[in-house]
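Colleague: Encoded as structure tokens, here's the structure I'll be asking about.
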2 protein chains.
Amino acid sequence: MRYYRISDETVRRLPIYLRGLLFLAEQGQQNISSRKLADFLGVNSWQIRKDFSYFGGFGTRGVGYSIEKLIKQINKILKLDVGHKAALVGVGNLGSAVLIYPGFRIYGFDIAAAFDANPKKVGRKIRNITIEDISNLQTLKKRKINLAIIAVPRDAAQQTADALIKAGVKGILNFSPHYIAVPKKVKVITIDIAMDLARLPYYMPT
Amino acid sequence: MRYYRISDETVRRLPIYLRGLLFLAEQGQQNISSRKLADFLGVNSWQIRKDFSYFGGFGTRGVGYSIEKLIKQINKILKLDVGHKAALVGVGNLGSAVLIYPGFRIYGFDIAAAFDANPKKVGRKIRNITIEDISNLQTLKKRKINLAIIAVPRDAAQQTADALIKAGVKGILNFSPHYIAVPKKVKVITIDIAMDLARLPYYMPT
């Protein structure tokens, strides 16, 4: 089955829908209308209908969308149905929080390796992961890990990205507060927690 | 000066533009075309032009947009020009990372207070912030702090949100991997780091 190219904005929203749908499925719910899903997630229902129309609406009038079908479809579109291994680089406060974060599994992710430049941290174990020296990054290709999370200090971000790309990594989630330059074939998503906070005041009463 | 109501999606992108523009201004750049800004940020240039058109395009043919004017305008629209104090609840790994995160200042945020339920953590100092007991949350109104960041364990998320709202908080950045229910007048932005990772595989070669 092939899909039309989906906009970046829709790709950004699909995991939000997926998370909500998984939660509702867990509660035993089988169908939902776009309006109720929108209320639950705090988004616009026309937006949901528009996004779902990319892969053919499954809505039935009066019944709504099949939650199970939507979950399957979104997982397939986002290529989450196959499972993915990811590496973490930088095991400071943020990196440690990533390692113990329970939310990766619901999307089929396995944080399978962690690296740090600090010799004092190398060899330590967090959950079931033993922290490795960053010189081991080159083993990622052989271990079939092509996703990575960067949680290193600002000044080490670019060289970390360079080493990851050299090791065959194709997708990077960047938590470091710095722009990183990568070749076009590599996808980078930068998370700046301050940027998310920056959206709040707009909605507040003055 | 009044603005038309701006879509949530544009509000989400404005801090991304702002961050890039501040970076470019720091480098001494004065003008930029939407295409160059788009290349730099890895977004679509038509999207930038559309978003900027909400508040009147400042672009001049052949010269581009004035970076300084855009920064001023976006800060004003997002109400970031007045400065904001925020409280952090939950000083575990993620909360500690938030406290030492250098990126809040560029948006005019000051993390002015931190709270934890663990008596062992209360009284400890991180940067210039002394961790307080969560029973102190009720003092937020008097201290004019109406933004909060929740970084508590999943099971404590809802009761933390309830206590914050009772203390007059109007905007919440939620890092806990759980939905929280709030009255309509309160704005919640939930950050799920796994959700961001979930966008990457879509872009990767198969």
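Every chain in the structure tokens has a letter given in the order shown (A, B, ...), and although residue numbers restart at 1 in each chain, ligands are simply numbered from 1 in the order shown.
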Write out as JSON, numbers by chain the set of residues from segment 30-195 of chain A that DSSP, computed on the backbone, places in strand (DSSP E or B).

Modeller: {"A": [31, 32, 60, 64, 65, 66, 84, 85, 86, 87, 88, 89, 109, 110, 111, 112, 113, 114, 115, 116, 125, 126, 129, 130, 131, 132, 133, 147, 148, 149, 150, 171, 172, 173, 174, 187, 188, 189, 190]}

Colleague: For the selection you just gave me, I'd like the residues written to a file as a PDB file, in the first residue's frame, keeping C-alpha atoms.

Modeller:
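The result, stored in part-v7.pdb:
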```pdb
ATOM      1  CA  ASN A  31     -14.942   4.096  18.226  1.00  0.00           C
ATOM      2  CA  ILE A  32     -14.650   7.849  18.475  1.00  0.00           C
ATOM      3  CA  THR A  60     -18.741   5.991   9.749  1.00  0.00           C
ATOM      4  CA  GLY A  64     -17.155   7.642  14.244  1.00  0.00           C
ATOM      5  CA  TYR A  65     -13.714   6.281  13.547  1.00  0.00           C
ATOM      6  CA  SER A  66     -12.549   2.797  14.481  1.00  0.00           C
ATOM      7  CA  HIS A  84      13.258   0.859  16.077  1.00  0.00           C
ATOM      8  CA  LYS A  85      16.442   0.874  18.097  1.00  0.00           C
ATOM      9  CA  ALA A  86      17.865   4.220  19.155  1.00  0.00           C
ATOM     10  CA  ALA A  87      21.099   5.345  20.793  1.00  0.00           C
ATOM     11  CA  LEU A  88      21.455   8.065  23.403  1.00  0.00           C
ATOM     12  CA  VAL A  89      24.553  10.287  23.474  1.00  0.00           C
ATOM     13  CA  PHE A 109      11.202   2.354  20.379  1.00  0.00           C
ATOM     14  CA  ASP A 110      13.978   0.642  22.267  1.00  0.00           C
ATOM     15  CA  ILE A 111      16.764   2.849  23.642  1.00  0.00           C
ATOM     16  CA  ALA A 112      19.373   0.179  23.025  1.00  0.00           C
ATOM     17  CA  ALA A 113      22.657   1.986  23.774  1.00  0.00           C
ATOM     18  CA  ALA A 114      23.954   4.998  25.717  1.00  0.00           C
ATOM     19  CA  PHE A 115      27.245   6.864  25.331  1.00  0.00           C
ATOM     20  CA  ASP A 116      29.105   9.498  27.318  1.00  0.00           C
ATOM     21  CA  LYS A 125      24.351   0.939  34.392  1.00  0.00           C
ATOM     22  CA  ILE A 126      20.981   2.737  34.115  1.00  0.00           C
ATOM     23  CA  ILE A 129      21.818  -0.138  29.689  1.00  0.00           C
ATOM     24  CA  THR A 130      25.560   0.053  30.362  1.00  0.00           C
ATOM     25  CA  ILE A 131      27.003   3.448  29.437  1.00  0.00           C
ATOM     26  CA  GLU A 132      29.725   3.171  26.763  1.00  0.00           C
ATOM     27  CA  ASP A 133      32.553   5.480  25.796  1.00  0.00           C
ATOM     28  CA  LEU A 147      18.350   6.637  15.226  1.00  0.00           C
ATOM     29  CA  ALA A 148      20.039   8.727  17.903  1.00  0.00           C
ATOM     30  CA  ILE A 149      19.157  11.168  20.654  1.00  0.00           C
ATOM     31  CA  ILE A 150      21.682  13.947  21.374  1.00  0.00           C
ATOM     32  CA  GLY A 171      17.657  10.388  12.152  1.00  0.00           C
ATOM     33  CA  ILE A 172      18.583  12.584  15.114  1.00  0.00           C
ATOM     34  CA  LEU A 173      16.488  13.949  17.961  1.00  0.00           C
ATOM     35  CA  ASN A 174      18.508  16.916  19.195  1.00  0.00           C
ATOM     36  CA  LYS A 187      16.626  14.208   9.387  1.00  0.00           C
ATOM     37  CA  VAL A 188      17.085  16.263  12.552  1.00  0.00           C
ATOM     38  CA  ILE A 189      14.309  17.190  14.963  1.00  0.00           C
ATOM     39  CA  THR A 190      15.429  19.751  17.539  1.00  0.00           C
TER      40      THR A 190
END
```

Colleague: Can you give chain B as an mmCIF file with C-alpha atoms, in the first residue's frame after you superpose it on chain A, pairing all C-alpha atoms in order for the least-squares fit?

Modeller:
```cif
data_model
loop_
_atom_site.group_PDB
_atom_site.id
_atom_site.type_symbol
_atom_site.label_atom_id
_atom_site.label_comp_id
_atom_site.auth_asym_id
_atom_site.auth_seq_id
_atom_site.Cartn_x
_atom_site.Cartn_y
_atom_site.Cartn_z
ATOM 1 C CA MET B 1 -0.094 0.003 -0.005
ATOM 2 C CA ARG B 2 1.258 3.413 -0.994
ATOM 3 C CA TYR B 3 0.433 6.782 0.497
ATOM 4 C CA TYR B 4 0.610 10.257 -0.919
ATOM 5 C CA ARG B 5 3.357 12.354 0.572
ATOM 6 C CA ILE B 6 2.090 13.753 3.866
ATOM 7 C CA SER B 7 2.913 17.276 5.051
ATOM 8 C CA ASP B 8 5.463 17.771 7.858
ATOM 9 C CA GLU B 9 2.716 19.346 9.943
ATOM 10 C CA THR B 10 0.509 16.274 9.627
ATOM 11 C CA VAL B 11 3.471 14.016 10.422
ATOM 12 C CA ARG B 12 3.987 16.119 13.544
ATOM 13 C CA ARG B 13 0.383 15.652 14.632
ATOM 14 C CA LEU B 14 0.030 11.939 13.898
ATOM 15 C CA PRO B 15 2.006 10.848 17.013
ATOM 16 C CA ILE B 16 -0.245 13.119 19.099
ATOM 17 C CA TYR B 17 -3.332 11.383 17.727
ATOM 18 C CA LEU B 18 -1.658 7.989 18.120
ATOM 19 C CA ARG B 19 -0.876 8.613 21.757
ATOM 20 C CA GLY B 20 -4.456 9.651 22.473
ATOM 21 C CA LEU B 21 -5.914 6.712 20.546
ATOM 22 C CA LEU B 22 -3.672 4.215 22.367
ATOM 23 C CA PHE B 23 -4.841 5.695 25.655
ATOM 24 C CA LEU B 24 -8.503 5.381 24.634
ATOM 25 C CA ALA B 25 -8.010 1.814 23.359
ATOM 26 C CA GLU B 26 -6.485 0.913 26.716
ATOM 27 C CA GLN B 27 -9.687 2.191 28.348
ATOM 28 C CA GLY B 28 -11.640 -0.254 26.201
ATOM 29 C CA GLN B 29 -13.103 2.294 23.780
ATOM 30 C CA GLN B 30 -13.673 1.090 20.190
ATOM 31 C CA ASN B 31 -14.925 4.086 18.220
ATOM 32 C CA ILE B 32 -14.652 7.837 18.472
ATOM 33 C CA SER B 33 -15.903 10.861 16.560
ATOM 34 C CA SER B 34 -13.421 13.473 15.349
ATOM 35 C CA ARG B 35 -15.136 15.998 17.616
ATOM 36 C CA LYS B 36 -14.718 13.883 20.744
ATOM 37 C CA LEU B 37 -11.123 13.042 19.880
ATOM 38 C CA ALA B 38 -10.492 16.750 19.304
ATOM 39 C CA ASP B 39 -11.985 17.657 22.682
ATOM 40 C CA PHE B 40 -9.930 14.970 24.384
ATOM 41 C CA LEU B 41 -6.669 16.128 22.780
ATOM 42 C CA GLY B 42 -7.412 19.841 22.868
ATOM 43 C CA VAL B 43 -7.082 20.306 19.096
ATOM 44 C CA ASN B 44 -9.437 21.295 16.263
ATOM 45 C CA SER B 45 -11.774 18.633 14.905
ATOM 46 C CA TRP B 46 -11.532 19.936 11.319
ATOM 47 C CA GLN B 47 -7.762 19.505 11.593
ATOM 48 C CA ILE B 48 -8.191 15.886 12.652
ATOM 49 C CA ARG B 49 -10.616 15.182 9.818
ATOM 50 C CA LYS B 50 -8.263 16.818 7.325
ATOM 51 C CA ASP B 51 -5.247 14.868 8.623
ATOM 52 C CA PHE B 52 -7.149 11.572 8.596
ATOM 53 C CA SER B 53 -8.332 12.227 5.048
ATOM 54 C CA TYR B 54 -4.716 11.832 3.854
ATOM 55 C CA PHE B 55 -4.989 8.125 4.313
ATOM 56 C CA GLY B 56 -8.691 7.733 3.606
ATOM 57 C CA GLY B 57 -11.217 8.504 6.308
ATOM 58 C CA PHE B 58 -12.416 5.492 8.248
ATOM 59 C CA GLY B 59 -15.226 7.378 9.852
ATOM 60 C CA THR B 60 -18.755 5.959 9.748
ATOM 61 C CA ARG B 61 -21.609 8.406 10.201
ATOM 62 C CA GLY B 62 -23.052 8.080 13.703
ATOM 63 C CA VAL B 63 -20.355 5.646 14.803
ATOM 64 C CA GLY B 64 -17.156 7.609 14.247
ATOM 65 C CA TYR B 65 -13.707 6.276 13.538
ATOM 66 C CA SER B 66 -12.543 2.788 14.468
ATOM 67 C CA ILE B 67 -9.812 3.375 17.050
ATOM 68 C CA GLU B 68 -8.080 0.083 16.271
ATOM 69 C CA LYS B 69 -7.955 0.795 12.522
ATOM 70 C CA LEU B 70 -6.612 4.302 13.084
ATOM 71 C CA ILE B 71 -3.861 3.018 15.387
ATOM 72 C CA LYS B 72 -2.788 0.433 12.801
ATOM 73 C CA GLN B 73 -2.836 2.930 9.971
ATOM 74 C CA ILE B 74 -0.914 5.661 11.787
ATOM 75 C CA ASN B 75 1.696 3.170 12.985
ATOM 76 C CA LYS B 76 2.144 2.025 9.391
ATOM 77 C CA ILE B 77 2.424 5.540 7.958
ATOM 78 C CA LEU B 78 4.952 6.605 10.592
ATOM 79 C CA LYS B 79 6.836 3.313 10.050
ATOM 80 C CA LEU B 80 6.482 2.577 13.745
ATOM 81 C CA ASP B 81 5.032 -0.893 13.109
ATOM 82 C CA VAL B 82 8.497 -2.400 12.549
ATOM 83 C CA GLY B 83 10.146 -1.296 15.851
ATOM 84 C CA HIS B 84 13.262 0.875 16.071
ATOM 85 C CA LYS B 85 16.442 0.881 18.099
ATOM 86 C CA ALA B 86 17.859 4.232 19.163
ATOM 87 C CA ALA B 87 21.103 5.344 20.802
ATOM 88 C CA LEU B 88 21.461 8.071 23.409
ATOM 89 C CA VAL B 89 24.561 10.280 23.488
ATOM 90 C CA GLY B 90 25.138 12.276 26.672
ATOM 91 C CA VAL B 91 24.010 10.856 30.016
ATOM 92 C CA GLY B 92 23.701 14.026 32.119
ATOM 93 C CA ASN B 93 20.461 15.068 33.830
ATOM 94 C CA LEU B 94 18.472 15.204 30.613
ATOM 95 C CA GLY B 95 20.046 12.044 29.170
ATOM 96 C CA SER B 96 19.313 10.141 32.382
ATOM 97 C CA ALA B 97 15.715 11.305 32.205
ATOM 98 C CA VAL B 98 15.537 10.001 28.631
ATOM 99 C CA LEU B 99 16.959 6.610 29.671
ATOM 100 C CA ILE B 100 14.336 6.067 32.354
ATOM 101 C CA TYR B 101 11.476 7.655 30.375
ATOM 102 C CA PRO B 102 8.690 5.085 30.116
ATOM 103 C CA GLY B 103 7.038 6.562 27.023
ATOM 104 C CA PHE B 104 9.264 5.262 24.234
ATOM 105 C CA ARG B 105 7.924 1.721 24.253
ATOM 106 C CA ILE B 106 4.406 2.698 23.220
ATOM 107 C CA TYR B 107 5.802 3.897 19.881
ATOM 108 C CA GLY B 108 7.887 0.755 19.404
ATOM 109 C CA PHE B 109 11.215 2.369 20.377
ATOM 110 C CA ASP B 110 13.970 0.644 22.265
ATOM 111 C CA ILE B 111 16.761 2.849 23.645
ATOM 112 C CA ALA B 112 19.370 0.182 23.030
ATOM 113 C CA ALA B 113 22.649 1.995 23.788
ATOM 114 C CA ALA B 114 23.954 4.999 25.726
ATOM 115 C CA PHE B 115 27.248 6.852 25.335
ATOM 116 C CA ASP B 116 29.102 9.494 27.331
ATOM 117 C CA ALA B 117 32.491 11.216 27.065
ATOM 118 C CA ASN B 118 33.034 11.202 30.833
ATOM 119 C CA PRO B 119 35.174 8.185 31.857
ATOM 120 C CA LYS B 120 33.552 8.263 35.302
ATOM 121 C CA LYS B 121 30.169 7.513 33.752
ATOM 122 C CA VAL B 122 31.371 4.815 31.348
ATOM 123 C CA GLY B 123 30.531 1.349 32.685
ATOM 124 C CA ARG B 124 27.686 2.576 34.894
ATOM 125 C CA LYS B 125 24.317 0.926 34.399
ATOM 126 C CA ILE B 126 20.971 2.753 34.125
ATOM 127 C CA ARG B 127 17.975 0.447 33.792
ATOM 128 C CA ASN B 128 19.446 -2.357 31.674
ATOM 129 C CA ILE B 129 21.807 -0.129 29.688
ATOM 130 C CA THR B 130 25.545 0.040 30.370
ATOM 131 C CA ILE B 131 26.993 3.445 29.449
ATOM 132 C CA GLU B 132 29.712 3.158 26.770
ATOM 133 C CA ASP B 133 32.550 5.468 25.806
ATOM 134 C CA ILE B 134 31.724 7.671 22.814
ATOM 135 C CA SER B 135 34.577 6.066 20.872
ATOM 136 C CA ASN B 136 32.152 3.119 20.578
ATOM 137 C CA LEU B 137 29.764 5.189 18.421
ATOM 138 C CA GLN B 138 31.344 3.610 15.340
ATOM 139 C CA THR B 139 29.783 0.272 16.297
ATOM 140 C CA LEU B 140 26.244 1.603 15.711
ATOM 141 C CA LYS B 141 26.101 0.541 12.054
ATOM 142 C CA LYS B 142 26.967 -3.053 12.915
ATOM 143 C CA ARG B 143 24.377 -2.988 15.689
ATOM 144 C CA LYS B 144 21.750 -1.701 13.235
ATOM 145 C CA ILE B 145 20.993 1.410 15.270
ATOM 146 C CA ASN B 146 20.248 4.300 12.913
ATOM 147 C CA LEU B 147 18.350 6.658 15.217
ATOM 148 C CA ALA B 148 20.048 8.726 17.907
ATOM 149 C CA ILE B 149 19.165 11.178 20.658
ATOM 150 C CA ILE B 150 21.688 13.943 21.371
ATOM 151 C CA ALA B 151 21.694 15.267 24.957
ATOM 152 C CA VAL B 152 25.236 16.624 25.161
ATOM 153 C CA PRO B 153 26.374 20.136 26.166
ATOM 154 C CA ARG B 154 25.969 22.854 23.544
ATOM 155 C CA ASP B 155 29.619 22.896 22.461
ATOM 156 C CA ALA B 156 29.734 19.165 21.788
ATOM 157 C CA ALA B 157 26.543 19.019 19.700
ATOM 158 C CA GLN B 158 27.990 19.399 16.202
ATOM 159 C CA GLN B 159 30.889 16.991 16.651
ATOM 160 C CA THR B 160 28.491 14.449 18.179
ATOM 161 C CA ALA B 161 26.193 14.786 15.178
ATOM 162 C CA ASP B 162 29.155 14.389 12.809
ATOM 163 C CA ALA B 163 30.283 11.207 14.579
ATOM 164 C CA LEU B 164 26.740 9.789 14.542
ATOM 165 C CA ILE B 165 26.297 10.438 10.839
ATOM 166 C CA LYS B 166 29.678 8.826 10.135
ATOM 167 C CA ALA B 167 28.390 5.815 12.067
ATOM 168 C CA GLY B 168 25.389 5.561 9.725
ATOM 169 C CA VAL B 169 22.744 7.343 11.784
ATOM 170 C CA LYS B 170 19.908 8.685 9.598
ATOM 171 C CA GLY B 171 17.665 10.393 12.141
ATOM 172 C CA ILE B 172 18.592 12.586 15.109
ATOM 173 C CA LEU B 173 16.490 13.942 17.955
ATOM 174 C CA ASN B 174 18.515 16.920 19.191
ATOM 175 C CA PHE B 175 18.002 18.194 22.738
ATOM 176 C CA SER B 176 21.080 20.368 22.759
ATOM 177 C CA PRO B 177 20.275 24.083 22.578
ATOM 178 C CA HIS B 178 22.272 24.543 19.389
ATOM 179 C CA TYR B 179 21.666 24.276 15.669
ATOM 180 C CA ILE B 180 23.443 21.377 14.060
ATOM 181 C CA ALA B 181 24.320 21.185 10.386
ATOM 182 C CA VAL B 182 23.721 17.824 8.683
ATOM 183 C CA PRO B 183 23.623 16.481 5.110
ATOM 184 C CA LYS B 184 20.180 16.597 3.441
ATOM 185 C CA LYS B 185 19.665 12.835 3.726
ATOM 186 C CA VAL B 186 19.760 13.037 7.528
ATOM 187 C CA LYS B 187 16.635 14.222 9.372
ATOM 188 C CA VAL B 188 17.092 16.279 12.548
ATOM 189 C CA ILE B 189 14.317 17.201 14.960
ATOM 190 C CA THR B 190 15.429 19.755 17.541
ATOM 191 C CA ILE B 191 13.630 19.948 20.865
ATOM 192 C CA ASP B 192 14.035 23.186 22.759
ATOM 193 C CA ILE B 193 12.011 22.979 25.966
ATOM 194 C CA ALA B 194 12.149 26.763 26.296
ATOM 195 C CA MET B 195 10.560 27.078 22.867
ATOM 196 C CA ASP B 196 7.521 25.146 24.054
ATOM 197 C CA LEU B 197 7.216 27.299 27.146
ATOM 198 C CA ALA B 198 7.390 30.333 24.837
ATOM 199 C CA ARG B 199 3.990 29.440 23.392
ATOM 200 C CA LEU B 200 2.150 29.708 26.702
ATOM 201 C CA PRO B 201 1.996 33.473 27.395
ATOM 202 C CA TYR B 202 0.142 34.037 24.103
ATOM 203 C CA TYR B 203 -2.842 32.173 25.556
ATOM 204 C CA MET B 204 -2.847 33.871 28.927
ATOM 205 C CA PRO B 205 -5.129 36.674 30.061
ATOM 206 C CA THR B 206 -3.485 40.107 30.250
#
```
